[in-house]
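Colleague: So that we are looking at the same thing, I have put the structure below in structure tokens.
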Amino acid sequence: MIDLKMYINGEWRDSSNKEKREVMNPATGEVIAEAAEGTVEEAKEAIQVAKETFESGIWSDLAPVERASYLFKIADKIDEYASELASLETMNNGKPLREASFDVADAAACFRYYAGLITKPDGVTYSVADPVQALVVREPVGVCGLIVPWNYPLLMSVWKIAPALAAGNTVVYKPSEVTPLTPVKLFEIFEEVGLPKGVANMVFGSGVTVGNEIAENHDVNLISFTGGTKTGRHIMKAATGNIKKMSLELGGKSPNIIFADADFETAVDYALFGIYAGSGQVCAAGSRILVEESIYDKFVDRFVERAKQINVGPGNDPDTEMGPLVSKEHMERVLEYIEIGKQEGARLVCGGNRMIDNDLENGYFIEPTVFADVNPSMRIVQEEIFGPVVVIEKFKDEHDAISLANSTAYGLAGAVFSNDGAKALRVTKKIRAGITWINTYHNTYNEAPWGGYKQSGVGRALGTYGLDTYQEIKQININLQVEPIGWFSK
Ligand code: TXE
């Protein structure tokens, strides 16, 4: 049994109450590890350590090029342990090894990206009236509270930790209670490369105790959270006490718009990838496919034909194309949505069941599922299901497509498939979402900003925008003629 401990001030720690939480393999339902169940006490301690470490200047005052050298070493270690990290991710999250390996490579690339970026020019001078010279400089924010979900346990952590450390902050990080395996390996790497103690601290525990403490505590200067919109709303309120800086990446119900003039097979192929990659447990999943009415029936038939061929199984089987859901609880939530869809009168044209044949009965597998003939008032069209369940809607024309695309509370991502370049760009510009694609889906780059409009969140991860999140901006005005201002006569 793997015994997982928290990492506070450079020490591996159990929780003060000695409690443990079981960690499962979602493909088999087996317990694979036990993690220390952190409490508010450990969260407070980690925050105090991060605060003192920040104030000591041991990290924040280090030359950017020196901080970068740690980040480059971390990236090299991620590459060195790539196959171990990918196996751990597959074992704990369930995703196929192929997907986990992509995540690991991306995680290393993200550390390298921010290691490079932090040494590039970062301030400006601007011209104001003589005799003043004005400068703008960037500084770290302080203690960053980072809370991540279970769908990309390693990669989501790195999207936050890499820019936060590059900018000179200290960190209190909480992984999802469901997926602590790769986070622990990442912190082992931090220890191995000699990251000064107290710079990066990891606490485990539930969202309502430890997560809430990180969001509320006044010594935390910034909160960065990825997870559900409901939790995001709670965190936003909890963070008001000391007006924390905030970055929230929340849910989505992203439209994937297919016009009749699109390359048909390409559109079907990407639509499958858009929803079933990660078993649909992806914030940017193309969970609403909008198809022009002249090709609607043909599209549904072909999509269903392809969906039925997806090879579902345990992630460590090289033939597996789609893995299980992350937990029993989450599988049940997704199955509940499938029932809701049936009750709402949507036409179930593919899947809809838990999979129990071929030795899958102990895991949390759901068939690739498709609902057709849906309408915008249905809950399965409006709410994030976060599983291998897609709804296929019909639209008449460009105007109708845009209005359907924007008809949910979310605004994370969206895509357009068309061979008419002007139309594709025109429609994409009208989608109220932060991440969009034309004739492709899911491309994500460390260089490009990631985040949502509307209830999909606040702020941006990745790219230069992702570094901005973890920096304060200061103006410095220097008087070049030192003499009294003479504003008051006496
Ligand atoms: O996520 P939560 P859950 C969506 C998806 C899913 C739903 C619920 O629709 O069905 O959210 O999933 C911590 N204060 N997404 O319940 O609650 C928690 O410990 C502070 C979309 O698993 O958002 C974990 O570390 N922290 C999403 C993290 O928040 C709290 C990815 C995520 O958990 C907290 C995951 C609290 N009060 C789910 N409550 C995406 N955008 O990719 C929980 N947490």
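By convention here, the chains of the structure tokens are called A, B, ... in the order presented, each chain's residues are numbered starting at 1, and ligands are numbered starting at 1 in the order presented.
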Tell me, as a VMD selection string, which residues lie within 6 Å of A:Ala262, counting only C-alpha atoms; anything in the same chain fewer than 4 positions away does not count.

Modeller: chain A and resid 417 to 419

Colleague: Stretch 10-160 of chain A: which residues are alpha helix (DSSP H) by DSSP, as a PyMOL selection string?

Modeller: chain A and resi 40-56+64-80+82-93+97-117+153-160

Colleague: When the cut-off is 6 Å and you count only C-alpha atoms and all ligand atoms, which residues lie near ligand 1, shown as a PyMOL selection string?

Modeller: chain A and resi 147-149+151+175-177+206-208+211-212+226-228+231+234-235+249-251+282-283+384-386

Colleague: Write the residues you've just listed into a file as a short mmCIF file (atom, residue, chain, number, x, y, z; two decimals), in the first residue's frame, and include C-alpha atoms for each of them.

Modeller:
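Wrote it out as part.cif, contents follow:
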```cif
data_model
loop_
_atom_site.label_atom_id
_atom_site.label_comp_id
_atom_site.auth_asym_id
_atom_site.auth_seq_id
_atom_site.Cartn_x
_atom_site.Cartn_y
_atom_site.Cartn_z
CA ILE A 147 -6.50 24.30 -5.53
CA VAL A 148 -6.80 21.79 -8.37
CA PRO A 149 -9.25 19.10 -9.50
CA ASN A 151 -9.21 15.45 -14.20
CA PRO A 175 -4.57 18.49 -4.93
CA SER A 176 -7.95 16.85 -5.29
CA GLU A 177 -8.54 14.36 -2.49
CA SER A 206 -11.37 17.94 1.80
CA GLY A 207 -12.51 21.05 -0.02
CA VAL A 208 -14.83 22.20 2.75
CA GLY A 211 -9.74 24.09 0.63
CA ASN A 212 -11.98 26.55 2.39
CA THR A 226 -9.78 25.00 -11.18
CA GLY A 227 -12.93 22.99 -10.62
CA GLY A 228 -16.70 23.14 -10.72
CA THR A 231 -17.29 25.42 -5.85
CA HIS A 234 -18.09 29.44 -2.94
CA ILE A 235 -14.37 30.19 -3.22
CA GLU A 249 -11.13 28.18 -14.25
CA LEU A 250 -14.55 26.61 -13.97
CA GLY A 251 -16.96 24.44 -15.89
CA VAL A 282 -12.50 17.86 -19.58
CA CYS A 283 -13.56 21.42 -18.83
CA GLU A 384 -22.10 20.39 -17.31
CA ILE A 385 -22.27 16.58 -17.16
CA PHE A 386 -18.51 16.02 -17.24
#
```

Colleague: Which residue gives the smallest distance to A:Pro376 among A:Ala422, A:Leu165, A:Leu290, A:Ala43, with only C-alpha atoms counted?

Modeller: A:Leu290

Colleague: May I have the residues within 9 Å of A:Asp301 as a list in words, using only C-alpha atoms and disregarding those fewer than 5 positions away in the same chain?

Modeller: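 The contact residues come out as Tyr296, Arg306 and Val349 of chain A.
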
Colleague: For each of A:Val141, A:Ile2, A:Val172, A:Leu348, take the minimum atom-to-atom distance to A:Lys185, counting only C-alpha atoms, then give the residue where this is smallest.

Modeller: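 Smallest separation from A:Lys185 among the options: A:Ile2.
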
Colleague: Quick one: everything within 7 Å of A:Thr436, counting only C-alpha atoms, minus sequence neighbours fewer than 6 positions away in the same chain. Send it as number ranges by chain.

Modeller: A: 413-415, 428

Colleague: I'd like the neighbourhood of A:Gly274 as a list in words, where a residue qualifies if any of its atoms comes within 9 Å (using only C-alpha atoms), though same-chain residues fewer than 4 positions away should be ignored.

Modeller: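 Residues meeting the cut-off are Asn256, Asp269, Tyr270, Gly280, Ala284, Ala285, Gly286, Ser287, Thr440, Tyr441 and His442 of chain A.
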
Colleague: Closest to A:Val300 among A:Arg347, A:Lys51, A:His399, A:Lys20, using only C-alpha atoms?

Modeller: A:Arg347

Colleague: Could you check the closest approach to A:Pro180 for each of A:Leu248, A:Val65, A:Val23, A:Ala277 and tell me which residue wins, using only C-alpha atoms?

Modeller: A:Val23

Colleague: Which residues come within 10 Å of A:Glu66, counting only C-alpha atoms, excluding same-chain residues fewer than 4 positions away, as a PyMOL selection string?

Modeller: chain A and resi 59+62+70-72+115+119+166

Colleague: Kindly export the residues of the current selection with N, CA and C atoms, as a compact mmCIF listing (two decimals), in the first residue's frame.

Modeller:
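Saved to result05.txt:
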```
# COMPACT_ATOMS: atom_id res chain seq x y z
N TRP A 59 13.38 33.14 -1.80
CA TRP A 59 12.92 32.79 -3.15
C TRP A 59 12.54 34.05 -3.94
N LEU A 62 15.52 36.00 -5.11
CA LEU A 62 16.49 35.28 -5.94
C LEU A 62 16.42 35.84 -7.36
N TYR A 70 16.06 26.38 -11.33
CA TYR A 70 15.31 25.34 -10.61
C TYR A 70 14.20 24.77 -11.49
N LEU A 71 13.51 25.69 -12.17
CA LEU A 71 12.38 25.24 -13.00
C LEU A 71 12.85 24.34 -14.14
N PHE A 72 14.00 24.70 -14.73
CA PHE A 72 14.54 23.84 -15.79
C PHE A 72 14.89 22.46 -15.24
N ALA A 115 10.19 29.02 -17.13
CA ALA A 115 11.60 29.26 -16.80
C ALA A 115 12.18 30.25 -17.81
N THR A 119 12.88 35.23 -17.42
CA THR A 119 14.14 35.96 -17.62
C THR A 119 14.05 36.96 -18.78
N ALA A 166 7.87 30.76 -10.80
CA ALA A 166 8.70 31.60 -11.69
C ALA A 166 8.66 33.05 -11.24
```

Colleague: A:Ile295, A:Leu425, A:Leu462, A:Met246: which is nearest A:Ile161, counting only C-alpha atoms?

Modeller: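 Selected residue with least distance to A:Ile161: A:Leu462.
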
Colleague: How many Å separate atom CA of A:Val184 from atom CA of A:Gly145?

Modeller: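 So the answer is 17.0 Å.
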
Colleague: Here is a test: counting only C-alpha atoms, which residue of A:Leu272, A:Ala433, A:Ile310, A:Leu467 is nearest to A:Val390?

Modeller: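 Of all the options, A:Leu272 lies closest to A:Val390.
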
Colleague: Using only C-alpha atoms, which residues sit within 12 Å of A:Val143 once same-chain residues fewer than 5 positions away are excluded, as a PyMOL selection string?

Modeller: chain A and resi 46-55+59-60+161+164-165+167-173+198-201+214-215+217-224+244-245+470-471
